[in-house]
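Next comes protein.csv, with CSV, C-alpha atoms and all ligand atoms.
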chain,number,residue,atom,x,y,z
A,191,MET,CA,-5.3,8.2,-21.8
A,192,THR,CA,-5.6,11.0,-19.2
A,193,GLY,CA,-3.4,14.0,-19.0
A,194,LEU,CA,-1.4,12.1,-16.4
A,195,GLY,CA,-0.6,9.2,-18.8
A,196,ASP,CA,0.9,11.8,-21.2
A,197,ILE,CA,2.9,13.4,-18.4
A,198,LEU,CA,4.3,10.0,-17.2
A,199,ARG,CA,5.1,8.8,-20.8
A,200,LYS,CA,7.0,12.0,-21.5
A,201,GLN,CA,8.9,11.7,-18.2
A,202,ILE,CA,9.9,8.1,-18.9
A,203,ALA,CA,10.9,8.9,-22.4
A,204,ALA,CA,13.2,11.7,-21.1
A,205,THR,CA,14.7,10.1,-18.0
A,206,GLY,CA,14.1,6.4,-18.3
A,207,PRO,CA,11.9,3.8,-16.4
A,208,MET,CA,10.5,4.7,-13.0
A,209,THR,CA,10.0,2.5,-9.9
A,210,LEU,CA,6.5,1.3,-9.1
A,211,ALA,CA,6.6,3.5,-6.0
A,212,GLN,CA,7.2,6.6,-8.2
A,213,TYR,CA,4.4,5.5,-10.5
A,214,MET,CA,2.0,4.8,-7.6
A,215,SER,CA,2.7,8.1,-5.9
A,216,ALA,CA,2.0,10.0,-9.2
A,217,CYS,CA,-1.2,8.1,-9.8
A,218,LEU,CA,-2.6,8.6,-6.3
A,219,LEU,CA,-1.3,12.0,-5.2
A,220,HIS,CA,-0.3,14.1,-8.3
A,221,PRO,CA,-1.5,17.6,-7.4
A,222,GLU,CA,-3.6,18.0,-10.5
A,223,HIS,CA,-4.4,14.5,-11.8
A,224,GLY,CA,-3.9,12.2,-8.8
A,225,TYR,CA,-6.7,9.7,-7.8
A,226,TYR,CA,-7.1,11.1,-4.3
A,227,THR,CA,-6.9,14.7,-5.5
A,228,THR,CA,-9.7,14.3,-8.1
A,229,GLN,CA,-12.0,11.3,-7.5
A,230,ASP,CA,-14.7,10.8,-4.9
A,231,ALA,CA,-13.6,7.3,-4.2
A,232,PHE,CA,-15.7,5.9,-1.4
A,233,GLY,CA,-19.0,4.2,-1.0
A,234,VAL,CA,-21.5,2.3,-3.1
A,235,ASP,CA,-21.3,4.9,-5.9
A,236,GLY,CA,-17.5,5.2,-5.7
A,237,ASP,CA,-14.7,2.8,-6.5
A,238,PHE,CA,-14.5,0.9,-3.2
A,239,THR,CA,-16.3,0.7,0.2
A,240,THR,CA,-14.3,0.8,3.4
A,241,ALA,CA,-15.4,-0.7,6.7
A,242,PRO,CA,-16.6,2.7,8.3
A,243,GLU,CA,-18.7,3.3,5.2
A,244,ILE,CA,-20.4,-0.1,5.6
A,245,SER,CA,-21.7,0.6,9.2
A,246,GLN,CA,-21.4,3.0,12.1
A,247,MET,CA,-20.7,0.0,14.3
A,248,PHE,CA,-17.1,-0.2,13.0
A,249,GLY,CA,-16.2,3.3,14.2
A,250,GLU,CA,-18.1,3.0,17.4
A,251,VAL,CA,-16.3,-0.1,18.7
A,252,ILE,CA,-12.9,1.3,17.6
A,253,GLY,CA,-13.8,4.5,19.5
A,254,LEU,CA,-14.5,2.4,22.6
A,255,CYS,CA,-11.2,0.5,22.1
A,256,LEU,CA,-9.3,3.9,22.0
A,257,ALA,CA,-11.1,5.2,25.0
A,258,GLN,CA,-10.5,2.0,27.0
A,259,ALA,CA,-6.8,2.1,26.1
A,260,TRP,CA,-6.7,5.7,27.3
A,261,LEU,CA,-8.4,4.7,30.6
A,262,ASP,CA,-6.1,1.7,31.0
A,263,GLN,CA,-3.1,4.1,30.7
A,264,GLY,CA,-4.4,6.3,33.5
A,265,ALA,CA,-6.5,8.7,31.4
A,266,PRO,CA,-3.7,11.2,30.7
A,267,ASP,CA,-5.2,14.8,30.8
A,268,ARG,CA,-3.9,15.7,27.3
A,269,PHE,CA,-3.3,13.5,24.4
A,270,ALA,CA,-3.2,13.5,20.6
A,271,LEU,CA,-6.1,11.5,18.9
A,272,VAL,CA,-4.7,10.7,15.5
A,273,GLU,CA,-6.2,9.3,12.3
A,274,LEU,CA,-4.0,8.5,9.3
A,275,GLY,CA,-5.8,8.8,5.9
A,276,PRO,CA,-9.3,9.5,7.2
A,277,GLY,CA,-11.0,9.5,3.8
A,278,ARG,CA,-14.4,11.1,4.1
A,279,GLY,CA,-14.0,11.4,7.9
A,280,THR,CA,-16.7,8.8,8.6
A,281,LEU,CA,-14.5,6.7,11.0
A,282,ILE,CA,-13.3,9.6,13.1
A,283,ALA,CA,-16.8,11.1,13.2
A,284,ASP,CA,-18.1,7.8,14.6
A,285,VAL,CA,-15.2,7.6,17.0
A,286,MET,CA,-16.0,11.1,18.3
A,287,ARG,CA,-19.7,10.3,18.7
A,288,ALA,CA,-19.1,7.0,20.5
A,289,THR,CA,-16.7,8.5,23.0
A,290,LEU,CA,-18.9,11.5,23.9
A,291,GLN,CA,-20.1,9.5,26.9
A,292,VAL,CA,-16.6,8.8,28.2
A,293,PRO,CA,-15.9,11.4,31.0
A,294,GLY,CA,-12.9,13.5,30.2
A,295,PHE,CA,-12.0,11.9,26.9
A,296,HIS,CA,-13.0,14.8,24.6
A,297,THR,CA,-11.6,17.5,26.9
A,298,ALA,CA,-8.2,15.7,26.9
A,299,ALA,CA,-8.1,15.0,23.2
A,300,ASP,CA,-6.5,17.1,20.5
A,301,LEU,CA,-7.5,15.8,17.0
A,302,HIS,CA,-4.7,15.3,14.5
A,303,LEU,CA,-5.4,14.1,10.9
A,304,ILE,CA,-2.7,12.9,8.5
A,305,GLU,CA,-4.0,13.6,5.0
A,306,ALA,CA,-2.2,14.5,1.8
A,307,SER,CA,-5.2,15.5,-0.3
A,308,ASP,CA,-6.8,19.0,0.1
A,309,ARG,CA,-10.0,17.6,-1.4
A,310,MET,CA,-10.1,14.9,1.3
A,311,ARG,CA,-9.3,17.5,4.0
A,312,ARG,CA,-12.4,19.4,3.0
A,313,LEU,CA,-14.6,16.3,3.3
A,314,GLN,CA,-13.1,15.6,6.7
A,315,ALA,CA,-13.7,19.1,8.0
A,316,ALA,CA,-17.4,18.8,6.9
A,317,ALA,CA,-17.7,15.5,8.7
A,318,LEU,CA,-16.4,17.0,12.0
A,319,PRO,CA,-18.3,20.3,12.3
A,320,ALA,CA,-17.9,20.4,16.1
A,321,HIS,CA,-14.1,19.8,16.1
A,322,GLN,CA,-11.0,21.7,15.1
A,323,PRO,CA,-8.6,19.1,13.7
A,324,VAL,CA,-5.0,19.9,12.9
A,325,TRP,CA,-4.0,18.4,9.6
A,326,HIS,CA,-0.5,17.1,8.8
A,327,ASN,CA,1.1,15.9,5.6
A,328,THR,CA,3.2,13.3,7.4
A,329,ALA,CA,3.4,11.6,10.8
A,330,GLU,CA,6.8,13.3,11.4
A,331,THR,CA,5.0,16.5,12.5
A,332,LEU,CA,2.8,14.9,15.2
A,333,PRO,CA,3.2,16.2,18.7
A,334,GLU,CA,6.3,15.1,20.7
A,335,ASP,CA,5.1,15.9,24.2
A,336,VAL,CA,1.8,14.0,24.7
A,337,PRO,CA,0.6,10.4,24.4
A,338,VAL,CA,-0.5,9.5,20.9
A,339,TYR,CA,-3.6,7.3,20.3
A,340,ALA,CA,-3.8,6.6,16.6
A,341,ILE,CA,-5.9,4.7,14.1
A,342,ALA,CA,-5.2,3.8,10.5
A,343,ASN,CA,-7.9,2.0,8.4
A,344,GLU,CA,-7.0,1.2,4.8
A,345,PHE,CA,-4.2,3.8,4.9
A,346,PHE,CA,-1.1,1.7,4.6
A,347,ASP,CA,-2.4,-0.2,1.5
A,348,ALA,CA,-2.4,3.1,-0.3
A,349,LEU,CA,1.3,3.8,0.3
A,350,PRO,CA,3.7,3.3,-2.7
A,351,ILE,CA,5.4,0.0,-2.9
A,352,ARG,CA,8.5,-1.3,-4.9
A,353,GLN,CA,8.6,-4.8,-6.3
A,354,PHE,CA,11.7,-7.0,-6.6
A,355,GLN,CA,12.1,-10.3,-8.5
A,356,ARG,CA,14.6,-12.8,-7.4
A,357,ASP,CA,17.0,-14.3,-9.9
A,358,ALA,CA,19.8,-16.8,-9.4
A,359,LYS,CA,22.2,-14.2,-7.9
A,360,GLY,CA,20.0,-11.6,-6.2
A,361,TRP,CA,17.2,-9.2,-7.0
A,362,ARG,CA,16.0,-7.2,-10.0
A,363,GLU,CA,13.5,-4.4,-9.6
A,364,ILE,CA,10.2,-4.2,-11.5
A,365,MET,CA,10.2,-0.9,-13.3
A,366,VAL,CA,7.5,1.0,-15.3
A,367,GLY,CA,8.8,1.8,-18.8
A,368,LEU,CA,7.5,2.3,-22.3
A,369,GLY,CA,6.7,-0.6,-24.7
A,370,ALA,CA,7.4,-0.5,-28.4
A,371,ASP,CA,3.8,0.7,-28.9
A,372,GLY,CA,4.6,3.7,-26.6
A,373,ALA,CA,2.2,2.4,-23.8
A,374,LEU,CA,3.2,2.1,-20.2
A,375,HIS,CA,4.3,-1.4,-19.2
A,376,ARG,CA,6.3,-3.3,-16.5
A,377,GLY,CA,9.9,-4.4,-17.1
A,378,LEU,CA,12.9,-5.6,-15.1
A,379,SER,CA,15.9,-3.5,-14.1
A,380,ASP,CA,19.4,-4.7,-14.2
A,381,ALA,CA,20.6,-6.4,-11.1
A,382,ALA,CA,19.6,-4.3,-8.1
A,383,PRO,CA,21.7,-5.2,-5.1
A,384,ILE,CA,19.4,-4.3,-2.1
A,385,GLU,CA,21.1,-5.0,1.2
A,386,ALA,CA,17.8,-4.7,3.1
A,387,LEU,CA,16.4,-7.6,1.2
A,388,ASP,CA,19.3,-10.0,2.0
A,389,TYR,CA,17.1,-11.7,4.7
A,390,ARG,CA,14.6,-12.7,2.1
A,391,LEU,CA,17.3,-14.7,0.2
A,392,ASP,CA,16.7,-17.6,2.7
A,393,ASP,CA,13.0,-18.1,2.2
A,394,THR,CA,12.7,-17.3,-1.6
A,395,SER,CA,13.8,-19.0,-4.7
A,396,PRO,CA,14.6,-17.7,-8.2
A,397,GLY,CA,11.4,-16.2,-9.8
A,398,ALA,CA,9.9,-15.2,-6.5
A,399,LEU,CA,8.5,-11.6,-6.2
A,400,ILE,CA,8.4,-9.6,-3.1
A,401,GLU,CA,7.2,-6.1,-2.2
A,402,THR,CA,8.7,-3.4,0.0
A,403,CYS,CA,7.1,-0.2,1.3
A,404,ALA,CA,9.7,2.3,2.7
A,405,HIS,CA,7.0,4.9,3.3
A,406,ALA,CA,5.1,2.5,5.5
A,407,THR,CA,8.1,1.7,7.7
A,408,ALA,CA,8.9,5.4,8.0
A,409,VAL,CA,5.3,6.1,9.2
A,410,VAL,CA,5.5,3.3,11.8
A,411,ASP,CA,8.9,4.5,12.9
A,412,ALA,CA,7.4,8.0,13.6
A,413,LEU,CA,4.4,6.6,15.5
A,414,ALA,CA,6.4,4.0,17.4
A,415,ARG,CA,9.1,6.4,18.5
A,416,ARG,CA,6.4,8.6,20.0
A,417,ILE,CA,4.4,5.7,21.6
A,418,ALA,CA,7.6,4.2,23.2
A,419,VAL,CA,8.4,7.5,24.9
A,420,GLN,CA,5.1,9.5,25.2
A,421,ARG,CA,2.8,6.4,25.6
A,422,GLY,CA,-0.5,5.8,23.8
A,423,MET,CA,-1.1,3.2,21.1
A,424,ALA,CA,-1.8,2.7,17.4
A,425,LEU,CA,-4.3,0.4,15.7
A,426,ILE,CA,-3.4,-0.5,12.1
A,427,LEU,CA,-6.3,-2.2,10.2
A,428,ASP,CA,-5.8,-3.3,6.6
A,429,TYR,CA,-5.7,-6.2,4.2
A,430,GLY,CA,-2.5,-8.1,3.9
A,431,GLY,CA,-0.5,-10.7,5.8
A,432,TRP,CA,2.7,-11.6,7.6
A,433,ARG,CA,5.7,-11.2,5.2
A,434,SER,CA,5.3,-10.1,1.6
A,435,ASP,CA,5.0,-12.9,-0.9
A,436,GLY,CA,4.0,-12.4,-4.5
A,437,ASP,CA,2.5,-9.6,-6.6
A,438,THR,CA,-0.4,-7.9,-4.8
A,439,PHE,CA,-0.3,-4.6,-6.7
A,440,GLN,CA,-3.9,-3.9,-7.9
A,441,ALA,CA,-6.1,-1.3,-9.4
A,442,VAL,CA,-9.8,-1.0,-8.7
A,443,ARG,CA,-12.4,1.2,-10.4
A,444,ALA,CA,-16.2,1.1,-9.8
A,445,HIS,CA,-15.7,-2.0,-7.5
A,446,THR,CA,-14.0,-3.9,-10.4
A,447,PRO,CA,-10.3,-4.8,-10.9
A,448,VAL,CA,-8.7,-3.0,-13.8
A,449,ASP,CA,-5.3,-2.8,-15.5
A,450,PRO,CA,-3.2,-0.5,-13.2
A,451,PHE,CA,-1.4,1.0,-16.2
A,452,ALA,CA,-4.4,1.6,-18.5
A,453,ASP,CA,-5.7,4.9,-17.2
A,454,PRO,CA,-3.2,6.5,-14.6
A,455,GLY,CA,-4.9,8.6,-11.9
A,456,ARG,CA,-8.4,7.2,-12.6
A,457,ALA,CA,-8.3,4.0,-10.5
A,458,ASP,CA,-7.4,3.3,-6.9
A,459,LEU,CA,-4.0,1.6,-6.7
A,460,THR,CA,-3.1,-0.5,-3.6
A,461,ALA,CA,-1.0,-3.4,-2.4
A,462,HIS,CA,-1.4,-5.8,0.5
A,463,VAL,CA,0.3,-4.6,3.7
A,464,ASP,CA,3.3,-6.6,5.0
A,465,PHE,CA,2.5,-6.5,8.7
A,466,GLU,CA,5.8,-8.2,9.5
A,467,ALA,CA,7.7,-5.2,8.1
A,468,LEU,CA,5.6,-2.9,10.2
A,469,ALA,CA,6.1,-4.9,13.4
A,470,ARG,CA,9.8,-5.0,12.8
A,471,ALA,CA,9.9,-1.2,12.4
A,472,ALA,CA,8.0,-0.8,15.6
A,473,LEU,CA,10.3,-3.1,17.6
A,474,ILE,CA,13.4,-1.3,16.2
A,475,ALA,CA,11.8,2.0,17.4
A,476,GLY,CA,11.5,0.6,20.9
A,477,CYS,CA,7.8,-0.1,20.9
A,478,ALA,CA,5.9,-3.4,21.3
A,479,ALA,CA,3.7,-4.9,18.5
A,480,SER,CA,0.7,-7.1,19.2
A,481,GLN,CA,0.0,-10.4,17.5
A,482,LEU,CA,-1.6,-9.9,14.1
A,483,THR,CA,-5.3,-10.5,14.6
A,484,HIS,CA,-8.2,-11.1,12.2
A,485,GLN,CA,-10.5,-8.1,12.0
A,486,GLY,CA,-13.6,-10.3,12.6
A,487,VAL,CA,-12.0,-11.7,15.9
A,488,PHE,CA,-11.0,-8.2,17.0
A,489,LEU,CA,-14.4,-6.7,16.4
A,490,GLU,CA,-16.1,-9.6,18.2
A,491,ARG,CA,-13.8,-9.2,21.2
A,492,LEU,CA,-14.7,-5.5,21.3
A,493,GLY,CA,-18.4,-6.3,21.4
A,494,ILE,CA,-19.7,-5.6,17.9
A,495,THR,CA,-22.4,-8.3,18.2
A,496,PRO,CA,-24.2,-6.9,21.3
A,497,ARG,CA,-23.9,-3.5,19.6
A,498,ALA,CA,-25.4,-4.9,16.4
A,499,GLN,CA,-28.3,-6.5,18.4
A,500,SER,CA,-29.1,-3.3,20.2
A,501,LEU,CA,-29.1,-1.3,16.9
A,502,ALA,CA,-31.3,-4.0,15.3
A,503,LYS,CA,-34.0,-3.4,17.9
A,504,GLY,CA,-35.2,-0.2,16.2
A,505,GLN,CA,-35.2,-1.6,12.7
A,506,SER,CA,-37.3,-3.8,10.4
A,507,GLY,CA,-37.7,-4.8,6.8
A,508,PRO,CA,-35.0,-3.9,4.2
A,509,ALA,CA,-33.2,-1.6,6.8
A,510,LEU,CA,-32.8,-4.6,9.2
A,511,ASP,CA,-31.7,-6.9,6.4
A,512,ALA,CA,-29.0,-4.3,5.4
A,513,HIS,CA,-27.9,-4.0,9.0
A,514,ILE,CA,-27.5,-7.7,9.4
A,515,ALA,CA,-25.6,-7.9,6.1
A,516,ALA,CA,-23.3,-5.1,7.3
A,517,HIS,CA,-22.5,-7.0,10.5
A,518,ARG,CA,-21.7,-10.1,8.5
A,519,ARG,CA,-19.6,-8.2,6.0
A,520,LEU,CA,-17.4,-6.7,8.7
A,521,THR,CA,-16.9,-9.8,10.7
A,522,HIS,CA,-17.4,-13.0,8.7
A,523,PRO,CA,-14.3,-14.9,7.6
A,524,ASP,CA,-15.7,-15.2,4.0
A,525,GLU,CA,-16.1,-11.4,3.8
A,526,MET,CA,-13.8,-8.8,5.5
A,527,GLY,CA,-13.4,-10.8,8.7
A,528,SER,CA,-10.2,-12.6,7.9
A,529,LEU,CA,-8.8,-10.8,4.8
A,530,PHE,CA,-8.4,-7.7,7.0
A,531,LYS,CA,-6.0,-7.9,9.9
A,532,VAL,CA,-5.3,-5.7,12.9
A,533,LEU,CA,-1.9,-4.9,14.4
A,534,GLY,CA,-1.5,-2.9,17.6
A,535,LEU,CA,1.5,-0.8,18.6
A,536,TYR,CA,1.9,0.0,22.3
A,537,PRO,CA,4.6,0.8,25.0
A,538,SER,CA,6.5,-2.3,25.9
A,539,SER,CA,5.7,-1.7,29.6
A,540,GLU,CA,1.9,-1.7,29.0
A,541,SER,CA,-0.7,-4.2,27.9
A,542,PRO,CA,-1.8,-4.3,24.3
A,543,PRO,CA,-4.9,-2.3,23.2
A,544,PRO,CA,-8.2,-4.1,24.1
A,545,GLY,CA,-9.0,-6.9,21.6
A,546,LEU,CA,-5.4,-7.7,20.9
A,547,ASP,CA,-2.8,-10.2,22.3
A,548,PRO,CA,0.8,-9.5,23.2
B,601,LIG,N1,-9.5,5.5,6.4
B,601,LIG,C1,-10.6,5.8,5.4
B,601,LIG,C2,-10.0,6.0,4.0
B,601,LIG,C3,-9.0,5.1,3.4
B,601,LIG,S1,-8.4,5.6,1.8
B,601,LIG,C4,-11.7,4.8,5.4
B,601,LIG,O1,-11.5,3.8,6.1
B,601,LIG,O2,-12.7,5.0,4.8
B,601,LIG,C5,-6.8,6.3,2.0
B,601,LIG,C6,-6.8,7.7,2.7
B,601,LIG,O3,-5.4,8.0,2.8
B,601,LIG,C7,-7.4,8.8,1.8
B,601,LIG,O4,-7.9,9.8,2.7
B,601,LIG,C8,-6.2,9.4,1.1
B,601,LIG,O5,-6.3,10.7,0.6
B,601,LIG,C9,-5.1,9.2,2.2
B,601,LIG,N2,-3.7,9.1,1.7
B,601,LIG,C10,-3.3,8.3,0.7
B,601,LIG,N3,-2.0,8.3,0.6
B,601,LIG,C11,-1.5,9.2,1.5
B,601,LIG,C12,-0.2,9.7,1.9
B,601,LIG,N4,0.9,9.3,1.3
B,601,LIG,N5,-0.2,10.6,2.9
B,601,LIG,C13,-1.3,11.0,3.5
B,601,LIG,N6,-2.5,10.6,3.2
B,601,LIG,C14,-2.7,9.7,2.2

What would you get if you wrote out this structure as C-alpha cells?
Ligand code: SAH
Amino acid sequence: MTGLGDILRKQIAATGPMTLAQYMSACLLHPEHGYYTTQDAFGVDGDFTTAPEISQMFGEVIGLCLAQAWLDQGAPDRFALVELGPGRGTLIADVMRATLQVPGFHTAADLHLIEASDRMRRLQAAALPAHQPVWHNTAETLPEDVPVYAIANEFFDALPIRQFQRDAKGWREIMVGLGADGALHRGLSDAAPIEALDYRLDDTSPGALIETCAHATAVVDALARRIAVQRGMALILDYGGWRSDGDTFQAVRAHTPVDPFADPGRADLTAHVDFEALARAALIAGCAASQLTHQGVFLERLGITPRAQSLAKGQSGPALDAHIAAHRRLTHPDEMGSLFKVLGLYPSSESPPPGLDP
C-alpha cells in the first residue's frame, strides 16, 4: 500500500468510516499523495486518453462552437473564456489556435482555468505560452461582471460522489471502512434519511443503488447563476446519462480497470455523470439547459467530418490510418460517440450553443 493507504486506514481507525466522497477526494487531490498531484495521467503512456489527446480536431470544432456562440450573442467586447479541469491544456490550446482567425475573439477573451492541482497548472501554463490565464480553485471565484463561455471535458466525472442503497424504508449510505484484515472495504451505514433523495423513492425499489455529487451541482450553480445574468454559455462533455442508476464508481490504471480500494492515490477514480442532476441545478439557478446530445452527433453537427477530410489531404500511410481511426474513435457510436454526452447551459432568452437543441 502507498503512504496514502496508511493515512486513510489510520484516519478510519481513529474516527470511523468515511463517505465515498471523502475517500475519492483524498485519492484524487491529497496535496502529497493524490492522483492528480502526483501522476502524469493522460495519453497513450498514461492511465487514460481523453478526446483532446486523441486528435486536435476535437478542440478545433469546440473552439468554433464557442466562437459562434459568442458571435450569436452579439460578440461582447469582454468575456471570460473558462475551462474546468484542463488536464494537460491540450483542449484549450487547440481552442485558442482554432479561434485565432475569428476577428476580435482573442482581444475580448480573458482566460480563466479552474484547476486544483499545481502540477496540472504547470502543464497548462506550458501548453499556453502566448496566454496569461488566471487560475481558480473553484468556479465560485469566476468573474461576476462579464459573459462566461465555459467548457468542461471529463471534469465532472472526477468530482467526488456519494452512493446510497435503497432498503425497505429509505436509504443507507455506502461507506469506506476497515475489514477484519485491516484493509479498506465498502460497507453500509445505518439508515441515512436524506431528504434530497425522496424523489428517487418513486422510481427505485429496495436494493437499488444511486449516486449523488453535491460538488457537481455546486459547480453548475456557480456557472448557471453567472450565465443567467451575465450571458455566455457552458458546454459539459462527459460519460454518463440521464438520472443516476447503479454503481458507476470505477478505478483505471494503465488503461485497465482496477480495484478502487487496492492502491489509493495510484489509480484514476471516476463515476458516470448524472446529467439530469446538472440540468436541474441549472434550471434552479435561472439558466436553460439543452437536450442531452451524443458526442458523436454534436461533433458531426459542428463539422468534424469536413475538418477531418481537409486534414487527411496532407497525410498518407500510418499517419493517415491513425487520423481516420481518431475520427472514428471520437464520433462512432461503438466508441466514444454515444457513451459521451454533451449538455449545454445558456441564457433562457437565447438559443442553445451551436450543435445542441433546446
Ligand atoms: N479536460 C482534460 C482533463 C480531464 S482530467 C482533458 O479532456 O484532457 C480532470 C482534470 O480536472 C484534471 O486537470 C484535474 O487535475 C482536474 N480536477 C479534478 N478534480 C478537480 C477539482 N475538484 N477541482 C478542480 N480541478 C479538478

(request) List every protein, DNA or RNA residue that has an atom no more than 12 Å from (11.1, -6.0, -8.8) in the file's coordinate frame, counting all atoms listed in the file, and report them as a count of residues only. (result) 37

(request) Pick out the closest residue to Thr205 of chain A from this set: A:Leu368, A:Cys255, A:Ile304, A:Ala441. Count only C-alpha atoms. (result) A:Leu368

(request) Show which residues sit within 8 Å of Ser528 of chain A, as number ranges by chain. Count only C-alpha atoms, and ignore same-chain residues fewer than 3 positions away. (result) A: 484-486, 521-525, 531

(message) At a cut-off of 9 Å and counting all atoms listed in the file, what residues surround ligand LIG 601 (chain B)? Please answer as a ChimeraX atom specification.
(response) /A:215,218-219,225-227,231-233,239-243,273-282,303-311,314,326-329,341-350,405,427

(request) Rank nothing, just name the residue among A:Met526, A:Val419, A:Ala204, A:Ile514 nearest to Leu501 of chain A, using all atoms listed in the file. (result)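 Looking at the shortest contact to Leu501 of chain A, the residue is A:Ile514.
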
(request) Compare A:Ile494, A:Leu533, A:Ala515, A:Met214 by their minimum atom-to-atom distance to Thr460 of chain A, counting all atoms listed in the file, and give me the closest one. (result) A:Met214

(request) Compile the contact shell of Pro537 of chain A as a PyMOL selection string: residues with an atom at most 12 Å away, counting only C-alpha atoms, same-chain residues fewer than 2 positions apart removed. (result) chain A and resi 259+263+337-339+413-424+472-473+475-480+534-535+539-543+548

(message) Which residue is closest to Gly193 of chain A? Choose from A:Asp235, A:Ala315, A:Ile252, A:Arg456 and count all atoms listed in the file.
(response)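 Smallest distance to Gly193 of chain A is found for A:Arg456.
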
12 Å contact set for Gly372 of chain A, only C-alpha atoms, chain neighbours under 6 positions out, as a PDB file with C-alpha atoms, in the frame of the given file:
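What landed in part-v2.pdb:
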ATOM      1  CA  MET A 191      -5.300   8.200 -21.800  1.00  0.00           C
ATOM      2  CA  GLY A 195      -0.600   9.200 -18.800  1.00  0.00           C
ATOM      3  CA  ASP A 196       0.900  11.800 -21.200  1.00  0.00           C
ATOM      4  CA  LEU A 198       4.300  10.000 -17.200  1.00  0.00           C
ATOM      5  CA  ARG A 199       5.100   8.800 -20.800  1.00  0.00           C
ATOM      6  CA  LYS A 200       7.000  12.000 -21.500  1.00  0.00           C
ATOM      7  CA  ILE A 202       9.900   8.100 -18.900  1.00  0.00           C
ATOM      8  CA  ALA A 203      10.900   8.900 -22.400  1.00  0.00           C
ATOM      9  CA  VAL A 366       7.500   1.000 -15.300  1.00  0.00           C
TER      10      VAL A 366
END

(message) Just to confirm, what's the straight-line distance from atom CA of Leu425 of chain A to atom CA of Leu510 of chain A in Å (one decimal)?
(response)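 Computing it gives 29.7 Å between the two atoms.
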